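Reviewing the structure listed below.
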Amino acid sequence: MDYKNNINFRKQSLIKLLYTVKLYEKEISEALYNDFKKPAFEAFVTEINIVIDELNYTIKNINKWAKPKKVLPSFLNFPSREYIYSEPYGSVLIISPWNYPFQLALCPLIAAVAAGNKVTLKPSELTPNTSSLLSKIIRETFDPKHVIVVLGDKRLSEELLKNRWNYIFFTGSVAVGKLIYKAAAEFLTPVTLELGGKNPCIVDETANLPLAAKRIVWGKFINAGQTCIAPDYILVKPKIKNELISLLKKEIQNAYGENPELSPDFTRIISKEHLKRLVSFIEFQDIAFGGSHNEDENYLSPTIVDEPNLDSALMKEEIFGPILPILSYSNNDDLKRIISKSEKPLSMYVFTENNAFAEKIIQDYSFGGGCVNDTVVHFSNKRLPFGGVGNSGIGAYHGKLSFDTFSHQKAIVKKANWLDIPFRYAPYKGKLKMIKKILKWI
Ligand code: NAD
């Protein structure tokens, strides 16, 4: 079992994982449903298929990615051949969250395995069905000396973090991300922190409003708003605000019917505590739509809040649920004032037909990634890096970048011996002028 040096072994492991994931497709979907009523469609599109796709892509490309990359040699090193070797970090810890508990656990794991690491995965305790199925899938696929899943809550995480890891990949909240970073600093362990934030969604007067409403409702209410890159709140020009609210209501009804509680397509809130927190957000707010909940069912209806106070908890914390605040803005200064109240977001969205305005937003604000005239979908392109900036995270992954994330890039110069240019060696007398001339020339 040479997972470090034998690329074919890594590839075969991933092929085996692909087989096992496909074998358990139905069980995965059921586990996700049992954890928080994730609809089978969303389970497939936003979890299972993402993992299958990632596996296929990695299996197809692993040989190419793992090969030492020849780079243009430096003239100063002549004669030489120069390379980047992708070296596995060694022992990797992956800690994952509950909101997309299957793919956010397995996508980093796939990359870590592809890059030749030994992996310990700690999935979330809040999705017990999915986490124990993950454990089963991994047990059936890998030797436990190569990849294991450990099940437990934050106490287990804390114990794990007392050990020395060669890389830690964490997906979760900003607060816990800071604890991970501190624990990693003890051993100077490199990290990826995939965190969250408040993601603004700007709609200006030139936007195609019906389409904007449809795409915002989709991105906000998929997984009941429990998506790290869901639009957190809307900023809209006053003269189109009422029209946008009407269109949003219409789109919510189109998607989930008159009573979303009865819809098979609307996910539940992950726990009673999370529901309580969300319900407290909408107390004393001006509810433009929805606002009902059912504690027995962990259900909160898709809710629109009109002009919440910027100092309310709703506008200070990441919402991470099906509540959509709408705020109006008149000019760029308003935008700056509102958006800058929060830390750098994980994503940002702008709906506009005005390219210059979209470009200005992209240039003026620092955020992980985002879309013009859509929400969430930047996640889907493997050629785009996925990650935050500032408080929304450190590092990025997806596609080849995932492989690189779990590899140390080792620089190697292979020098030939048939020539040895004497300039660099002491004594230096008479060489300074000459070396300056040569450096100018190259
Ligand atoms: P969380 O930070 O509460 O938990 C994430 C993981 O950390 C879980 O496995 C949990 O057991 C563990 N954990 C909890 N407390 C810990 C502690 N004190 N020490 C060590 N480990 C601990 O996050 P969550 O509630 O599972 O997920 C929601 C958050 O994750 C949101 O903020 C969301 O934005 C973010 N998120 C980010 C991404 C991304 O890709 N950037 C994706 C999904 C979710």
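Residue numbering restarts at 1 in every chain; chains get A, B, ... in the order shown in the structure tokens, and ligands count up from 1 in that same order.
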
Could you list, as a PyMOL selection string, every residue within 12 Å of range 356-363 of chain A, counting only C-alpha atoms and ignoring same-chain residues fewer than 5 positions away? chain A and resi 200-207+331-332+335-336+339+347-351+368-373

Give me, as JSON, numbers by chain, the residues of range 210-340 of chain A that a backbone DSSP run labels strand (DSSP E). {"A": [233, 234, 235, 236, 287, 288, 289, 293, 294, 299, 300, 303, 304, 305, 306, 323, 324, 325, 326, 327, 328]}

Selected residues, N, CA, C and O atoms, written as a PDB file, in the first residue's frame, please.
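Once everything was written out, this is result12.pdb:
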ATOM      1  N   TYR A 233     -28.149  38.798   1.865  1.00  0.00           N
ATOM      2  CA  TYR A 233     -29.147  39.884   1.837  1.00  0.00           C
ATOM      3  C   TYR A 233     -29.109  40.581   0.488  1.00  0.00           C
ATOM      4  O   TYR A 233     -28.111  40.493  -0.234  1.00  0.00           O
ATOM      5  N   ILE A 234     -30.208  41.278   0.185  1.00  0.00           N
ATOM      6  CA  ILE A 234     -30.308  41.981  -1.103  1.00  0.00           C
ATOM      7  C   ILE A 234     -30.185  43.485  -0.897  1.00  0.00           C
ATOM      8  O   ILE A 234     -30.747  44.039   0.057  1.00  0.00           O
ATOM      9  N   LEU A 235     -29.459  44.109  -1.790  1.00  0.00           N
ATOM     10  CA  LEU A 235     -29.388  45.572  -1.833  1.00  0.00           C
ATOM     11  C   LEU A 235     -30.016  45.986  -3.156  1.00  0.00           C
ATOM     12  O   LEU A 235     -29.560  45.552  -4.220  1.00  0.00           O
ATOM     13  N   VAL A 236     -31.068  46.797  -3.078  1.00  0.00           N
ATOM     14  CA  VAL A 236     -31.814  47.097  -4.301  1.00  0.00           C
ATOM     15  C   VAL A 236     -32.112  48.595  -4.390  1.00  0.00           C
ATOM     16  O   VAL A 236     -32.273  49.266  -3.371  1.00  0.00           O
ATOM     17  N   ILE A 287     -41.800  41.774   8.392  1.00  0.00           N
ATOM     18  CA  ILE A 287     -41.813  40.592   7.514  1.00  0.00           C
ATOM     19  C   ILE A 287     -42.648  40.898   6.266  1.00  0.00           C
ATOM     20  O   ILE A 287     -43.848  41.150   6.366  1.00  0.00           O
ATOM     21  N   ALA A 288     -42.007  40.852   5.112  1.00  0.00           N
ATOM     22  CA  ALA A 288     -42.732  41.113   3.864  1.00  0.00           C
ATOM     23  C   ALA A 288     -43.336  39.837   3.299  1.00  0.00           C
ATOM     24  O   ALA A 288     -44.234  39.883   2.452  1.00  0.00           O
ATOM     25  N   PHE A 289     -42.804  38.698   3.745  1.00  0.00           N
ATOM     26  CA  PHE A 289     -43.311  37.416   3.240  1.00  0.00           C
ATOM     27  C   PHE A 289     -42.858  36.305   4.183  1.00  0.00           C
ATOM     28  O   PHE A 289     -41.746  36.354   4.715  1.00  0.00           O
ATOM     29  N   HIS A 293     -42.973  29.282  11.383  1.00  0.00           N
ATOM     30  CA  HIS A 293     -42.089  28.142  11.645  1.00  0.00           C
ATOM     31  C   HIS A 293     -42.841  27.059  12.396  1.00  0.00           C
ATOM     32  O   HIS A 293     -43.916  27.283  12.950  1.00  0.00           O
ATOM     33  N   ASN A 294     -42.252  25.852  12.379  1.00  0.00           N
ATOM     34  CA  ASN A 294     -42.840  24.720  13.089  1.00  0.00           C
ATOM     35  C   ASN A 294     -41.692  23.996  13.798  1.00  0.00           C
ATOM     36  O   ASN A 294     -40.854  23.360  13.156  1.00  0.00           O
ATOM     37  N   TYR A 299     -38.829  23.436  10.896  1.00  0.00           N
ATOM     38  CA  TYR A 299     -39.192  24.120   9.641  1.00  0.00           C
ATOM     39  C   TYR A 299     -39.245  25.633   9.847  1.00  0.00           C
ATOM     40  O   TYR A 299     -39.832  26.122  10.815  1.00  0.00           O
ATOM     41  N   LEU A 300     -38.632  26.348   8.933  1.00  0.00           N
ATOM     42  CA  LEU A 300     -38.813  27.797   8.869  1.00  0.00           C
ATOM     43  C   LEU A 300     -39.144  28.127   7.427  1.00  0.00           C
ATOM     44  O   LEU A 300     -38.416  27.712   6.505  1.00  0.00           O
ATOM     45  N   THR A 303     -38.562  33.366   4.016  1.00  0.00           N
ATOM     46  CA  THR A 303     -39.002  34.610   4.651  1.00  0.00           C
ATOM     47  C   THR A 303     -38.276  35.804   4.045  1.00  0.00           C
ATOM     48  O   THR A 303     -37.053  35.748   3.851  1.00  0.00           O
ATOM     49  N   ILE A 304     -39.054  36.853   3.759  1.00  0.00           N
ATOM     50  CA  ILE A 304     -38.436  38.102   3.274  1.00  0.00           C
ATOM     51  C   ILE A 304     -38.626  39.171   4.346  1.00  0.00           C
ATOM     52  O   ILE A 304     -39.736  39.360   4.858  1.00  0.00           O
ATOM     53  N   VAL A 305     -37.535  39.825   4.716  1.00  0.00           N
ATOM     54  CA  VAL A 305     -37.597  40.880   5.729  1.00  0.00           C
ATOM     55  C   VAL A 305     -37.315  42.213   5.043  1.00  0.00           C
ATOM     56  O   VAL A 305     -36.325  42.352   4.316  1.00  0.00           O
ATOM     57  N   ASP A 306     -38.203  43.186   5.289  1.00  0.00           N
ATOM     58  CA  ASP A 306     -38.080  44.482   4.633  1.00  0.00           C
ATOM     59  C   ASP A 306     -37.292  45.456   5.516  1.00  0.00           C
ATOM     60  O   ASP A 306     -37.667  45.694   6.668  1.00  0.00           O
ATOM     61  N   ILE A 323     -33.918  33.143   5.356  1.00  0.00           N
ATOM     62  CA  ILE A 323     -34.388  34.515   5.606  1.00  0.00           C
ATOM     63  C   ILE A 323     -33.639  35.449   4.660  1.00  0.00           C
ATOM     64  O   ILE A 323     -32.400  35.434   4.625  1.00  0.00           O
ATOM     65  N   LEU A 324     -34.415  36.229   3.921  1.00  0.00           N
ATOM     66  CA  LEU A 324     -33.807  37.117   2.929  1.00  0.00           C
ATOM     67  C   LEU A 324     -34.135  38.580   3.254  1.00  0.00           C
ATOM     68  O   LEU A 324     -35.240  39.057   2.970  1.00  0.00           O
ATOM     69  N   PRO A 325     -33.191  39.311   3.849  1.00  0.00           N
ATOM     70  CA  PRO A 325     -33.428  40.725   4.110  1.00  0.00           C
ATOM     71  C   PRO A 325     -33.257  41.548   2.832  1.00  0.00           C
ATOM     72  O   PRO A 325     -32.379  41.254   2.023  1.00  0.00           O
ATOM     73  N   ILE A 326     -34.129  42.560   2.690  1.00  0.00           N
ATOM     74  CA  ILE A 326     -34.023  43.456   1.528  1.00  0.00           C
ATOM     75  C   ILE A 326     -33.743  44.861   2.038  1.00  0.00           C
ATOM     76  O   ILE A 326     -34.512  45.400   2.852  1.00  0.00           O
ATOM     77  N   LEU A 327     -32.674  45.440   1.548  1.00  0.00           N
ATOM     78  CA  LEU A 327     -32.330  46.807   1.943  1.00  0.00           C
ATOM     79  C   LEU A 327     -32.249  47.657   0.688  1.00  0.00           C
ATOM     80  O   LEU A 327     -31.769  47.176  -0.349  1.00  0.00           O
ATOM     81  N   SER A 328     -32.678  48.915   0.802  1.00  0.00           N
ATOM     82  CA  SER A 328     -32.524  49.743  -0.395  1.00  0.00           C
ATOM     83  C   SER A 328     -31.259  50.589  -0.291  1.00  0.00           C
ATOM     84  O   SER A 328     -30.806  50.925   0.801  1.00  0.00           O
TER      85      SER A 328
END

Residues within 8 Å of ligand 1 (only C-alpha atoms and all ligand atoms), as a tab-separated table (two decimals) with N, CA, C and O atoms, in the first residue's frame?
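The resulting file, pocket_18.tsv, is shown below:
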chain	number	residue	atom	x	y	z
A	95	ILE	N	-11.72	18.42	8.45
A	95	ILE	CA	-12.88	18.60	9.33
A	95	ILE	C	-13.98	19.25	8.50
A	95	ILE	O	-13.75	20.30	7.88
A	96	SER	N	-15.15	18.62	8.46
A	96	SER	CA	-16.18	19.11	7.53
A	96	SER	C	-17.47	19.49	8.25
A	96	SER	O	-17.73	19.04	9.37
A	97	PRO	N	-18.31	20.29	7.59
A	97	PRO	CA	-19.54	20.80	8.21
A	97	PRO	C	-20.76	19.95	7.85
A	97	PRO	O	-20.64	18.94	7.16
A	98	TRP	N	-21.93	20.42	8.30
A	98	TRP	CA	-23.14	19.62	8.12
A	98	TRP	C	-23.97	20.03	6.91
A	98	TRP	O	-24.86	19.29	6.51
A	99	ASN	N	-23.73	21.19	6.31
A	99	ASN	CA	-24.74	21.70	5.37
A	99	ASN	C	-24.74	20.97	4.01
A	99	ASN	O	-25.79	20.76	3.43
A	100	TYR	N	-23.54	20.60	3.54
A	100	TYR	CA	-23.45	19.69	2.39
A	100	TYR	C	-22.53	18.57	2.88
A	100	TYR	O	-21.35	18.48	2.49
A	104	LEU	N	-18.83	18.05	0.93
A	104	LEU	CA	-17.80	18.88	1.58
A	104	LEU	C	-16.84	18.03	2.42
A	104	LEU	O	-15.79	18.50	2.83
A	122	LYS	N	-12.96	14.04	9.83
A	122	LYS	CA	-13.96	14.16	10.89
A	122	LYS	C	-15.16	14.92	10.35
A	122	LYS	O	-15.16	16.14	10.22
A	123	PRO	N	-16.23	14.17	10.00
A	123	PRO	CA	-17.42	14.86	9.50
A	123	PRO	C	-18.25	15.44	10.65
A	123	PRO	O	-17.92	15.24	11.82
A	124	SER	N	-19.32	16.11	10.29
A	124	SER	CA	-20.12	16.79	11.32
A	124	SER	C	-20.98	15.82	12.13
A	124	SER	O	-21.53	14.85	11.60
A	125	GLU	N	-21.13	16.14	13.40
A	125	GLU	CA	-21.97	15.35	14.30
A	125	GLU	C	-23.45	15.68	14.09
A	125	GLU	O	-24.33	14.96	14.56
A	126	LEU	N	-23.73	16.77	13.36
A	126	LEU	CA	-25.13	17.19	13.21
A	126	LEU	C	-25.86	16.45	12.09
A	126	LEU	O	-27.08	16.58	11.94
A	152	GLY	N	-17.55	12.06	15.82
A	152	GLY	CA	-17.65	12.69	17.13
A	152	GLY	C	-17.94	14.17	16.98
A	152	GLY	O	-18.05	14.68	15.87
A	153	ASP	N	-18.07	14.83	18.12
A	153	ASP	CA	-18.40	16.25	18.08
A	153	ASP	C	-17.15	17.11	18.27
A	153	ASP	O	-16.03	16.64	18.05
A	154	LYS	N	-17.36	18.32	18.77
A	154	LYS	CA	-16.22	19.24	18.83
A	154	LYS	C	-15.15	18.77	19.82
A	154	LYS	O	-13.97	19.10	19.65
A	155	ARG	N	-15.56	17.94	20.80
A	155	ARG	CA	-14.53	17.45	21.74
A	155	ARG	C	-13.54	16.55	21.02
A	155	ARG	O	-12.34	16.59	21.29
A	156	LEU	N	-14.05	15.77	20.08
A	156	LEU	CA	-13.16	14.91	19.29
A	156	LEU	C	-12.24	15.79	18.43
A	156	LEU	O	-11.02	15.55	18.34
A	157	SER	N	-12.82	16.81	17.82
A	157	SER	CA	-12.02	17.75	17.01
A	157	SER	C	-10.90	18.33	17.84
A	157	SER	O	-9.76	18.42	17.40
A	158	GLU	N	-11.27	18.74	19.05
A	158	GLU	CA	-10.26	19.38	19.91
A	158	GLU	C	-9.12	18.40	20.23
A	158	GLU	O	-7.96	18.79	20.24
A	161	LEU	N	-6.95	17.97	17.22
A	161	LEU	CA	-6.11	19.15	16.95
A	161	LEU	C	-4.90	19.25	17.88
A	161	LEU	O	-4.01	20.07	17.65
A	170	PHE	N	-10.10	22.67	6.75
A	170	PHE	CA	-11.30	22.87	7.57
A	170	PHE	C	-12.37	23.60	6.78
A	170	PHE	O	-12.10	24.62	6.14
A	171	THR	N	-13.59	23.10	6.83
A	171	THR	CA	-14.73	23.83	6.29
A	171	THR	C	-15.72	24.04	7.42
A	171	THR	O	-16.14	23.06	8.07
A	172	GLY	N	-16.09	25.28	7.68
A	172	GLY	CA	-17.04	25.54	8.76
A	172	GLY	C	-17.11	27.02	9.08
A	172	GLY	O	-16.84	27.87	8.22
A	173	SER	N	-17.46	27.31	10.32
A	173	SER	CA	-17.72	28.69	10.69
A	173	SER	C	-16.43	29.47	10.93
A	173	SER	O	-15.37	28.90	11.20
A	174	VAL	N	-16.57	30.79	10.90
A	174	VAL	CA	-15.42	31.67	11.15
A	174	VAL	C	-14.90	31.45	12.57
A	174	VAL	O	-13.68	31.35	12.78
A	175	ALA	N	-15.82	31.35	13.53
A	175	ALA	CA	-15.40	31.22	14.94
A	175	ALA	C	-14.54	29.97	15.13
A	175	ALA	O	-13.47	30.03	15.75
A	176	VAL	N	-14.99	28.84	14.59
A	176	VAL	CA	-14.23	27.60	14.75
A	176	VAL	C	-12.96	27.66	13.89
A	176	VAL	O	-11.90	27.17	14.30
A	177	GLY	N	-13.07	28.30	12.74
A	177	GLY	CA	-11.89	28.45	11.87
A	177	GLY	C	-10.73	29.10	12.61
A	177	GLY	O	-9.57	28.71	12.45
A	179	LEU	N	-10.16	28.90	15.80
A	179	LEU	CA	-9.60	27.91	16.74
A	179	LEU	C	-8.68	26.93	16.00
A	179	LEU	O	-7.63	26.54	16.50
A	180	ILE	N	-9.11	26.55	14.81
A	180	ILE	CA	-8.31	25.62	14.00
A	180	ILE	C	-6.96	26.26	13.66
A	180	ILE	O	-5.90	25.63	13.76
A	193	LEU	N	-8.75	27.13	5.14
A	193	LEU	CA	-9.95	27.41	5.95
A	193	LEU	C	-11.03	27.87	5.00
A	193	LEU	O	-10.93	28.94	4.39
A	194	GLU	N	-12.04	27.03	4.83
A	194	GLU	CA	-13.18	27.38	3.98
A	194	GLU	C	-14.29	27.84	4.91
A	194	GLU	O	-14.98	27.03	5.53
A	195	LEU	N	-14.47	29.15	5.03
A	195	LEU	CA	-15.37	29.69	6.06
A	195	LEU	C	-16.61	30.34	5.42
A	195	LEU	O	-16.97	30.02	4.29
A	196	GLY	N	-17.23	31.23	6.15
A	196	GLY	CA	-18.47	31.84	5.64
A	196	GLY	C	-18.43	33.35	5.75
A	196	GLY	O	-17.37	33.95	5.91
A	197	GLY	N	-19.60	33.95	5.68
A	197	GLY	CA	-19.69	35.41	5.79
A	197	GLY	C	-21.05	35.88	5.34
A	197	GLY	O	-21.94	35.07	5.05
A	226	GLN	N	-29.17	27.18	3.81
A	226	GLN	CA	-28.00	26.72	4.59
A	226	GLN	C	-26.84	26.41	3.65
A	226	GLN	O	-26.37	25.27	3.56
A	227	THR	N	-26.45	27.43	2.91
A	227	THR	CA	-25.40	27.31	1.90
A	227	THR	C	-24.42	28.45	2.14
A	227	THR	O	-24.85	29.61	2.24
A	228	CYS	N	-23.15	28.12	2.22
A	228	CYS	CA	-22.17	29.16	2.57
A	228	CYS	C	-22.14	30.28	1.53
A	228	CYS	O	-21.81	31.41	1.87
A	229	ILE	N	-22.47	29.98	0.28
A	229	ILE	CA	-22.43	31.01	-0.76
A	229	ILE	C	-23.83	31.50	-1.16
A	229	ILE	O	-23.98	32.17	-2.17
A	318	GLU	N	-23.87	36.05	9.95
A	318	GLU	CA	-24.20	35.26	8.75
A	318	GLU	C	-25.54	34.59	9.02
A	318	GLU	O	-25.72	33.97	10.07
A	320	PHE	N	-27.46	32.09	7.23
A	320	PHE	CA	-27.38	30.64	7.05
A	320	PHE	C	-28.73	29.96	7.28
A	320	PHE	O	-28.86	28.96	7.98
A	346	LEU	N	-17.70	35.69	1.51
A	346	LEU	CA	-17.27	34.53	0.74
A	346	LEU	C	-17.71	34.69	-0.72
A	346	LEU	O	-17.02	34.29	-1.64
A	386	PHE	N	-12.22	27.97	-5.59
A	386	PHE	CA	-13.30	28.21	-4.65
A	386	PHE	C	-12.72	28.42	-3.25
A	386	PHE	O	-12.11	27.52	-2.68
A	387	GLY	N	-12.92	29.61	-2.72
A	387	GLY	CA	-12.40	29.89	-1.39
A	387	GLY	C	-12.68	31.33	-1.01
A	387	GLY	O	-13.13	32.13	-1.84
A	388	GLY	N	-12.41	31.65	0.24
A	388	GLY	CA	-12.70	33.00	0.73
A	388	GLY	C	-11.45	33.86	0.78
A	388	GLY	O	-10.37	33.47	0.34
A	392	SER	N	-13.50	35.32	5.40
A	392	SER	CA	-14.25	34.22	4.78
A	392	SER	C	-13.36	33.04	4.39
A	392	SER	O	-13.85	32.04	3.86
A	393	GLY	N	-12.08	33.14	4.67
A	393	GLY	CA	-11.26	31.94	4.48
A	393	GLY	C	-9.84	32.19	4.02
A	393	GLY	O	-9.45	33.30	3.65

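Between CA of Arg337 in chain A and CA of Leu278 in chain A the separation is 24.8 Å.
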
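Counting from CA of Ser340 in chain A, the distance to CA of Phe281 in chain A is 20.7 Å.
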
Using only C-alpha atoms, which residue out of A:Val149, A:Ala40, A:Leu211, A:Ile59 lies closest to Ala111 in chain A?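 Closest residue, counting only C-alpha atoms: A:Ile59.
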
Please report, as CSV, each residue of range 108-188 of chain A lying at most 9 Å from range 406-410 of chain A, together with the nearest pair of atoms and the separation in Å rounded to one decimal; use only C-alpha atoms, and order rows by chain and ascending residue number.
residue,atom,partner,partner_atom,distance
A:Pro108,CA,A:Phe406,CA,8.7
A:Ala111,CA,A:Phe406,CA,6.8
A:Ala112,CA,A:Phe406,CA,5.4
A:Val113,CA,A:Phe406,CA,8.6
A:Ala114,CA,A:Phe406,CA,8.6
A:Ala115,CA,A:Phe406,CA,5.9
A:Gly116,CA,A:Ser407,CA,8.1
A:Asn117,CA,A:Phe406,CA,7.6
A:Tyr167,CA,A:Phe406,CA,7.5
A:Phe169,CA,A:Phe406,CA,8.9

Residue selection dump (all heavy atoms) as a tab-separated table (two decimals), in the first residue's frame:
chain	number	residue	atom	x	y	z
A	108	PRO	N	-12.62	17.31	-0.57
A	108	PRO	CA	-11.24	17.46	-0.10
A	108	PRO	C	-10.53	16.12	0.08
A	108	PRO	O	-9.34	16.00	-0.20
A	108	PRO	CB	-11.37	18.19	1.24
A	108	PRO	CG	-12.78	18.60	1.38
A	108	PRO	CD	-13.60	17.92	0.34
A	111	ALA	N	-9.10	14.81	-3.16
A	111	ALA	CA	-7.88	15.53	-3.55
A	111	ALA	C	-6.70	15.12	-2.66
A	111	ALA	O	-5.58	14.95	-3.15
A	111	ALA	CB	-8.12	17.04	-3.45
A	112	ALA	N	-6.97	14.95	-1.38
A	112	ALA	CA	-5.89	14.58	-0.46
A	112	ALA	C	-5.33	13.19	-0.82
A	112	ALA	O	-4.12	12.98	-0.80
A	112	ALA	CB	-6.40	14.60	0.98
A	113	VAL	N	-6.23	12.28	-1.18
A	113	VAL	CA	-5.80	10.94	-1.58
A	113	VAL	C	-5.04	11.02	-2.91
A	113	VAL	O	-3.96	10.43	-3.07
A	113	VAL	CB	-7.02	9.99	-1.71
A	113	VAL	CG1	-6.64	8.69	-2.41
A	113	VAL	CG2	-7.60	9.70	-0.32
A	114	ALA	N	-5.59	11.78	-3.84
A	114	ALA	CA	-4.94	11.91	-5.16
A	114	ALA	C	-3.52	12.43	-5.01
A	114	ALA	O	-2.61	12.01	-5.71
A	114	ALA	CB	-5.75	12.84	-6.05
A	115	ALA	N	-3.35	13.34	-4.05
A	115	ALA	CA	-2.02	13.95	-3.87
A	115	ALA	C	-1.08	13.07	-3.05
A	115	ALA	O	0.06	13.44	-2.81
A	115	ALA	CB	-2.19	15.33	-3.22
A	116	GLY	N	-1.58	11.91	-2.58
A	116	GLY	CA	-0.68	10.95	-1.94
A	116	GLY	C	-0.59	11.04	-0.43
A	116	GLY	O	0.40	10.62	0.17
A	117	ASN	N	-1.64	11.59	0.19
A	117	ASN	CA	-1.60	11.76	1.65
A	117	ASN	C	-2.33	10.64	2.37
A	117	ASN	O	-3.15	9.92	1.81
A	117	ASN	CB	-2.26	13.09	2.02
A	117	ASN	CG	-1.53	14.27	1.44
A	117	ASN	OD1	-0.48	14.67	1.94
A	117	ASN	ND2	-2.05	14.81	0.34
A	167	TYR	N	-1.11	18.77	7.32
A	167	TYR	CA	-2.00	19.73	6.66
A	167	TYR	C	-3.38	19.62	7.31
A	167	TYR	O	-3.81	18.51	7.65
A	167	TYR	CB	-2.13	19.46	5.14
A	167	TYR	CG	-2.61	20.68	4.39
A	167	TYR	CD1	-1.70	21.60	3.87
A	167	TYR	CD2	-3.98	20.96	4.24
A	167	TYR	CE1	-2.13	22.75	3.21
A	167	TYR	CE2	-4.40	22.11	3.58
A	167	TYR	CZ	-3.48	22.99	3.07
A	167	TYR	OH	-3.90	24.13	2.42
A	169	PHE	N	-7.38	20.76	6.62
A	169	PHE	CA	-8.36	21.35	5.71
A	169	PHE	C	-9.67	21.45	6.48
A	169	PHE	O	-10.27	20.44	6.83
A	169	PHE	CB	-8.53	20.45	4.47
A	169	PHE	CG	-9.34	21.10	3.38
A	169	PHE	CD1	-8.73	21.62	2.25
A	169	PHE	CD2	-10.73	21.18	3.48
A	169	PHE	CE1	-9.49	22.21	1.23
A	169	PHE	CE2	-11.49	21.77	2.48
A	169	PHE	CZ	-10.87	22.28	1.35

Taking the DSSP secondary structure from the backbone, can you list the residues of range 136-262 of chain A that are helix (DSSP H, G or I), as a ChimeraX atom specification? /A:136-141,154-160,174-185,209-225,238-256,260-262

Report, in Å to a single decimal, how far apart CA of Pro128 in chain A and CA of Val150 in chain A are.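 Value for the CA of Val150 in chain A-CA of Pro128 in chain A distance: 12.0 Å.
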
Shell around range 13-28 of chain A at 9 Å using only C-alpha atoms, local window under 4 positions removed, as a PyMOL selection string: chain A and resi 3+8-9+32-33+43-44+48+51-52+55-56+58-59+102+110+113-114+129-130+133-134+137-138+140-142

Same residues, N, CA and C atoms, saved as a short mmCIF file (atom, residue, chain, number, x, y, z; two decimals), in the first residue's frame:
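Final output, part21.cif:
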data_model
loop_
_atom_site.label_atom_id
_atom_site.label_comp_id
_atom_site.auth_asym_id
_atom_site.auth_seq_id
_atom_site.Cartn_x
_atom_site.Cartn_y
_atom_site.Cartn_z
N TYR A 3 0.73 4.51 -0.90
CA TYR A 3 -0.09 5.64 -1.37
C TYR A 3 0.73 6.90 -1.62
N ASN A 8 -0.33 4.93 -9.35
CA ASN A 8 -1.35 4.00 -9.79
C ASN A 8 -2.18 3.49 -8.60
N PHE A 9 -1.52 3.32 -7.46
CA PHE A 9 -2.26 2.89 -6.27
C PHE A 9 -3.29 3.96 -5.87
N LEU A 32 -29.22 11.68 3.66
CA LEU A 32 -29.36 13.15 3.60
C LEU A 32 -30.80 13.56 3.89
N TYR A 33 -31.72 12.75 3.42
CA TYR A 33 -33.14 13.04 3.70
C TYR A 33 -33.41 12.88 5.20
N ALA A 43 -29.99 16.26 -3.31
CA ALA A 43 -28.98 15.30 -2.84
C ALA A 43 -28.12 14.85 -4.01
N PHE A 44 -28.78 14.61 -5.14
CA PHE A 44 -28.02 14.14 -6.30
C PHE A 44 -27.19 15.27 -6.91
N ILE A 48 -24.11 14.14 -4.41
CA ILE A 48 -23.60 12.89 -4.99
C ILE A 48 -22.91 13.14 -6.33
N VAL A 51 -19.52 14.77 -6.16
CA VAL A 51 -18.46 13.84 -5.76
C VAL A 51 -18.08 12.91 -6.93
N ILE A 52 -19.09 12.41 -7.63
CA ILE A 52 -18.81 11.53 -8.77
C ILE A 52 -18.00 12.27 -9.84
N LEU A 55 -14.49 12.81 -8.71
CA LEU A 55 -13.73 11.56 -8.81
C LEU A 55 -13.33 11.30 -10.27
N ASN A 56 -14.29 11.42 -11.18
CA ASN A 56 -13.99 11.17 -12.60
C ASN A 56 -12.88 12.10 -13.09
N THR A 58 -10.63 13.71 -11.35
CA THR A 58 -9.33 13.46 -10.69
C THR A 58 -8.69 12.19 -11.25
N ILE A 59 -9.52 11.15 -11.42
CA ILE A 59 -9.00 9.88 -11.96
C ILE A 59 -8.42 10.12 -13.36
N PHE A 102 -21.99 15.49 2.59
CA PHE A 102 -21.37 14.43 1.79
C PHE A 102 -20.24 15.01 0.93
N ILE A 110 -10.92 13.36 -1.63
CA ILE A 110 -10.50 12.85 -2.95
C ILE A 110 -9.16 13.50 -3.35
N VAL A 113 -6.23 12.28 -1.18
CA VAL A 113 -5.80 10.94 -1.58
C VAL A 113 -5.04 11.02 -2.91
N ALA A 114 -5.59 11.78 -3.84
CA ALA A 114 -4.94 11.91 -5.16
C ALA A 114 -3.52 12.43 -5.01
N ASN A 129 -26.67 10.47 10.17
CA ASN A 129 -26.90 9.42 9.16
C ASN A 129 -25.86 9.50 8.05
N THR A 130 -25.64 10.70 7.55
CA THR A 130 -24.67 10.85 6.46
C THR A 130 -23.26 10.56 6.97
N LEU A 133 -22.69 6.88 7.32
CA LEU A 133 -22.58 6.25 5.99
C LEU A 133 -21.22 6.58 5.35
N LEU A 134 -20.76 7.80 5.56
CA LEU A 134 -19.43 8.17 5.06
C LEU A 134 -18.38 7.24 5.65
N ILE A 137 -18.59 3.89 3.93
CA ILE A 137 -18.05 3.94 2.56
C ILE A 137 -16.52 3.95 2.60
N ILE A 138 -15.98 4.73 3.51
CA ILE A 138 -14.51 4.82 3.59
C ILE A 138 -13.92 3.50 4.10
N GLU A 140 -15.09 0.59 3.63
CA GLU A 140 -15.17 -0.43 2.57
C GLU A 140 -14.21 -0.14 1.41
N THR A 141 -13.67 1.05 1.40
CA THR A 141 -12.84 1.44 0.25
C THR A 141 -11.34 1.44 0.57
N PHE A 142 -11.02 1.92 1.77
CA PHE A 142 -9.60 2.17 2.06
C PHE A 142 -9.10 1.32 3.22
#

Of the residues A:Leu419, A:Leu109, A:Ile148, A:Ile269, which is the one nearest to Phe403 in chain A, using only C-alpha atoms?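 Of A:Leu419, A:Leu109, A:Ile148, A:Ile269, the one nearest Phe403 in chain A is A:Leu109, counting only C-alpha atoms.
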